[in-house]
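Asks: Below is the structure I would like to discuss, written out as structure tokens.
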Amino acid sequence: MKVFFITLTIALLSQQHAVNAFVSQSPAMAAVRPTALAGAVELEPEPEGGDEITAVKTMAGSRMKNMGEVDGVTDEDGTVYKFWLSATAEGPLIKDLNTQILKDASKKANFPGFRKGQVPPYAMPQIKNFAVEEGLIQTVKSAIDAYGLKSISGSNGEVKVLENVPDVASVYKVGDDLQFTATLNAIFDPANQPAEAISADDTVIDAEVEVEEVEEA
């Protein structure tokens with residue numbers, strides 16, 4: 001199985017990083033948008049086991065399972081767990097990223113045989129690849145927040161997109177929603193968990209009782 005690695009830190013691929021790499025290398029409407037299954041690349045099968053967790057914020061087309069504690073990995077803010085994610089990167093997001101990356105690349109493009117600022121057709125697949133990568137990254141970050149999790153720093157916080165991203169990008173049609181699966185290490189964010197309901201039996205009422213002394217006549 002091919003696995004595409006993405007490190008979920010600030011050093012992750014950003015739009016500007018994507019542009020630099022390119023230059024150096026030469027609601028209701030959403031329901032009717034086409035959805036590509038990993039860009040027509042078959043999704044990796046869902047792993048057995050794990051506990052389904054409930055999102056604390058709405059994120060349509062997503063699922064998250066807690067696959068258990070990660071051995072040998074610790075974090076000062078909590079126990080580190082491995083999670084399996086199934087999510088959909090929205091088509092308009094990837095389309096906007098593709099447009100922005102192309103626009104930024106055009107400012108620096110200088111290819112032999114093409115006027116300055118013109119991006120040649122043979123470079124367009126790489127632009128799309130950058131847009132897909134960034135779309136997946138942003139979707140994973142949104143999922144971490146939606147499910148009340150907190151990413152961990154360094155290589156231990158690595159996210160693994162289980163489909164081969166270059167293969168996905170090569171057949172993906174810009175503007176379509178894009179389903180994918182991934183695994184990631186994270187902790188539960190105490191500041192982003194639903195408040196537990198307090199039952200009537202658990203409610204303690206403190207009351208002061210005033211006792212009035214009555215003098216006998």
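Chains: A, B, ... in order of the structure tokens. Residues: from 1 per chain. Ligands: from 1, in order shown.
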Can you list every residue in region 33-181 of chain A that DSSP puts in strand (DSSP E), as a PyMOL selection string?
Replies: chain A and resi 35-37+51-52+63-75+78-89+149-151+158-161+177-181
Asks: Per residue of region 40-112 of chain A within 9 Å of region 159-163 of chain A, record the nearest atom pair and its distance in Å to one decimal, counting only C-alpha atoms, with rows in chain order and ascending residue number, as a tab-separated table.
Replies:
residue	atom	partner	partner_atom	distance
A:Val41	CA	A:Glu163	CA	7.6
A:Glu42	CA	A:Glu163	CA	7.9
A:Leu43	CA	A:Glu163	CA	6.4
A:Glu44	CA	A:Leu162	CA	6.4
Asks: Quick one: everything within 9 Å of Leu93 (chain A), counting only C-alpha atoms, minus sequence neighbours fewer than 2 positions away in the same chain. Send it as a list in words.
Replies: Ala89, Glu90, Gly91, Lys95, Asp96, Leu97, Asn98, Ala131, Gly135, Gly175 and Asp177 of chain A
Asks: Okay, now the selection with C-alpha atoms, as an mmCIF file, in the first residue's frame?
Replies:
data_model
loop_
_atom_site.group_PDB
_atom_site.id
_atom_site.type_symbol
_atom_site.label_atom_id
_atom_site.label_comp_id
_atom_site.auth_asym_id
_atom_site.auth_seq_id
_atom_site.Cartn_x
_atom_site.Cartn_y
_atom_site.Cartn_z
ATOM 1 C CA ALA A 89 -12.161 18.123 0.858
ATOM 2 C CA GLU A 90 -14.691 20.499 -0.652
ATOM 3 C CA GLY A 91 -14.432 21.266 -4.351
ATOM 4 C CA LYS A 95 -10.647 25.293 -6.806
ATOM 5 C CA ASP A 96 -9.870 28.511 -4.906
ATOM 6 C CA LEU A 97 -6.480 27.140 -3.878
ATOM 7 C CA ASN A 98 -5.728 26.133 -7.461
ATOM 8 C CA ALA A 131 -3.850 22.605 -4.678
ATOM 9 C CA GLY A 135 -6.877 21.174 0.287
ATOM 10 C CA GLY A 175 -14.083 21.780 -8.540
ATOM 11 C CA ASP A 177 -15.433 17.331 -3.836
#
Asks: Measure the distance from CA of Ala191 (chain A) to CA of Gly50 (chain A) in Å and round it to one decimal.
Replies: 23.5 Å
Asks: Counting only C-alpha atoms, figure out which residue out of A:Asn66, A:Ser106, A:Gln193, A:Thr99 gets nearest to Phe83 (chain A).
Replies: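 Result for the nearest residue to Phe83 (chain A): A:Asn66.
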Asks: Have a look at CA of Thr181 (chain A) and CA of Thr74 (chain A) and let me know their distance in Å, one decimal.
Replies: 24.3 Å
Asks: With only C-alpha atoms as the counted atoms, please give the residues lying no more than 7 Å from Tyr81 (chain A), apart from itself and same-chain residues fewer than 5 positions off, as a VMD selection string.
Replies: chain A and resid 66 68 to 70 185 to 187
Asks: Could you write out that same residue set with all heavy atoms as an mmCIF file, in the first residue's frame?
Replies:
data_model
loop_
_atom_site.group_PDB
_atom_site.id
_atom_site.type_symbol
_atom_site.label_atom_id
_atom_site.label_comp_id
_atom_site.auth_asym_id
_atom_site.auth_seq_id
_atom_site.Cartn_x
_atom_site.Cartn_y
_atom_site.Cartn_z
ATOM 1 N N ASN A 66 -11.269 6.470 17.025
ATOM 2 C CA ASN A 66 -10.118 6.362 17.920
ATOM 3 C C ASN A 66 -9.628 4.927 17.859
ATOM 4 O O ASN A 66 -10.317 3.995 18.280
ATOM 5 C CB ASN A 66 -10.534 6.741 19.346
ATOM 6 C CG ASN A 66 -9.362 6.741 20.315
ATOM 7 O OD1 ASN A 66 -8.273 6.266 20.007
ATOM 8 N ND2 ASN A 66 -9.585 7.279 21.502
ATOM 9 N N GLY A 68 -6.944 3.773 19.386
ATOM 10 C CA GLY A 68 -6.231 3.358 20.584
ATOM 11 C C GLY A 68 -5.009 4.208 20.878
ATOM 12 O O GLY A 68 -4.563 5.017 20.062
ATOM 13 N N GLU A 69 -4.470 4.017 22.067
ATOM 14 C CA GLU A 69 -3.310 4.779 22.517
ATOM 15 C C GLU A 69 -2.071 4.411 21.704
ATOM 16 O O GLU A 69 -1.878 3.243 21.324
ATOM 17 C CB GLU A 69 -3.073 4.512 24.003
ATOM 18 C CG GLU A 69 -2.020 5.384 24.637
ATOM 19 C CD GLU A 69 -1.924 5.198 26.147
ATOM 20 O OE1 GLU A 69 -2.885 4.636 26.726
ATOM 21 O OE2 GLU A 69 -0.902 5.600 26.738
ATOM 22 N N VAL A 70 -1.242 5.395 21.425
ATOM 23 C CA VAL A 70 -0.016 5.182 20.657
ATOM 24 C C VAL A 70 1.112 4.811 21.618
ATOM 25 O O VAL A 70 1.441 5.583 22.529
ATOM 26 C CB VAL A 70 0.371 6.442 19.857
ATOM 27 C CG1 VAL A 70 1.651 6.200 19.071
ATOM 28 C CG2 VAL A 70 -0.760 6.849 18.920
ATOM 29 N N ASN A 185 -1.950 11.104 14.648
ATOM 30 C CA ASN A 185 -1.776 11.048 16.093
ATOM 31 C C ASN A 185 -2.201 12.391 16.676
ATOM 32 O O ASN A 185 -1.816 13.443 16.172
ATOM 33 C CB ASN A 185 -0.324 10.772 16.464
ATOM 34 C CG ASN A 185 0.136 9.392 16.031
ATOM 35 O OD1 ASN A 185 -0.675 8.494 15.809
ATOM 36 N ND2 ASN A 185 1.436 9.206 15.916
ATOM 37 N N ALA A 186 -2.981 12.347 17.736
ATOM 38 C CA ALA A 186 -3.470 13.581 18.344
ATOM 39 C C ALA A 186 -3.910 13.293 19.769
ATOM 40 O O ALA A 186 -3.933 12.137 20.214
ATOM 41 C CB ALA A 186 -4.630 14.157 17.532
ATOM 42 N N ILE A 187 -4.244 14.349 20.479
ATOM 43 C CA ILE A 187 -4.783 14.221 21.830
ATOM 44 C C ILE A 187 -6.160 14.863 21.866
ATOM 45 O O ILE A 187 -6.512 15.654 20.999
ATOM 46 C CB ILE A 187 -3.866 14.891 22.881
ATOM 47 C CG1 ILE A 187 -3.791 16.411 22.635
ATOM 48 C CG2 ILE A 187 -2.475 14.276 22.864
ATOM 49 C CD1 ILE A 187 -3.024 17.161 23.714
#
Asks: Report the residues of region 47-198 of chain A whose backbone DSSP state falls under alpha helix (DSSP H), written as a PyMOL selection string.
Replies: chain A and resi 91-108+124-146+165-171
Asks: Applying 8 Å and only C-alpha atoms, which residues near Ala169 (chain A) remain after dropping the ones on its own chain fewer than 3 positions away? List them as a PDB file with N, CA and C atoms, in the first residue's frame.
Replies:
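File produced: out-v6.pdb:
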ATOM      1  N   GLY A  39     -10.413  11.111  -6.129  1.00  0.00           N
ATOM      2  CA  GLY A  39     -10.099  11.448  -7.507  1.00  0.00           C
ATOM      3  C   GLY A  39     -10.162  10.248  -8.425  1.00  0.00           C
ATOM      4  N   PRO A 125      -0.413  20.365 -14.246  1.00  0.00           N
ATOM      5  CA  PRO A 125      -0.650  19.248 -13.328  1.00  0.00           C
ATOM      6  C   PRO A 125       0.028  19.437 -11.971  1.00  0.00           C
ATOM      7  N   LYS A 128      -2.064  21.788  -9.931  1.00  0.00           N
ATOM      8  CA  LYS A 128      -3.222  21.066  -9.387  1.00  0.00           C
ATOM      9  C   LYS A 128      -2.808  20.171  -8.233  1.00  0.00           C
ATOM     10  N   ASN A 129      -1.659  19.553  -8.343  1.00  0.00           N
ATOM     11  CA  ASN A 129      -1.165  18.691  -7.274  1.00  0.00           C
ATOM     12  C   ASN A 129      -0.974  19.491  -5.985  1.00  0.00           C
ATOM     13  N   VAL A 132      -4.410  20.253  -4.479  1.00  0.00           N
ATOM     14  CA  VAL A 132      -4.997  19.081  -3.830  1.00  0.00           C
ATOM     15  C   VAL A 132      -4.318  18.842  -2.483  1.00  0.00           C
ATOM     16  N   VAL A 165      -1.391  10.558  -3.051  1.00  0.00           N
ATOM     17  CA  VAL A 165      -1.864  11.876  -3.450  1.00  0.00           C
ATOM     18  C   VAL A 165      -1.491  12.244  -4.886  1.00  0.00           C
ATOM     19  N   PRO A 166      -0.262  12.002  -5.350  1.00  0.00           N
ATOM     20  CA  PRO A 166       0.037  12.309  -6.759  1.00  0.00           C
ATOM     21  C   PRO A 166      -0.878  11.561  -7.732  1.00  0.00           C
ATOM     22  N   TYR A 172      -7.856  13.897 -10.744  1.00  0.00           N
ATOM     23  CA  TYR A 172      -8.860  14.721 -10.087  1.00  0.00           C
ATOM     24  C   TYR A 172      -9.302  15.874 -10.984  1.00  0.00           C
TER      25      TYR A 172
END
Asks: Kindly indicate which residue among A:Asn156, A:Ser142, A:Thr79, A:Ser151 lies nearest to Val56 (chain A), using only C-alpha atoms for the distances.
Replies: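 Of all the options, A:Ser142 lies closest to Val56 (chain A).
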Asks: Between A:Ser153, A:Phe180, A:Lys173, A:Gly117, single out the one closest to Val80 (chain A), counting only C-alpha atoms.
Replies: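 Among the listed residues, the smallest separation from Val80 (chain A) belongs to A:Ser153.
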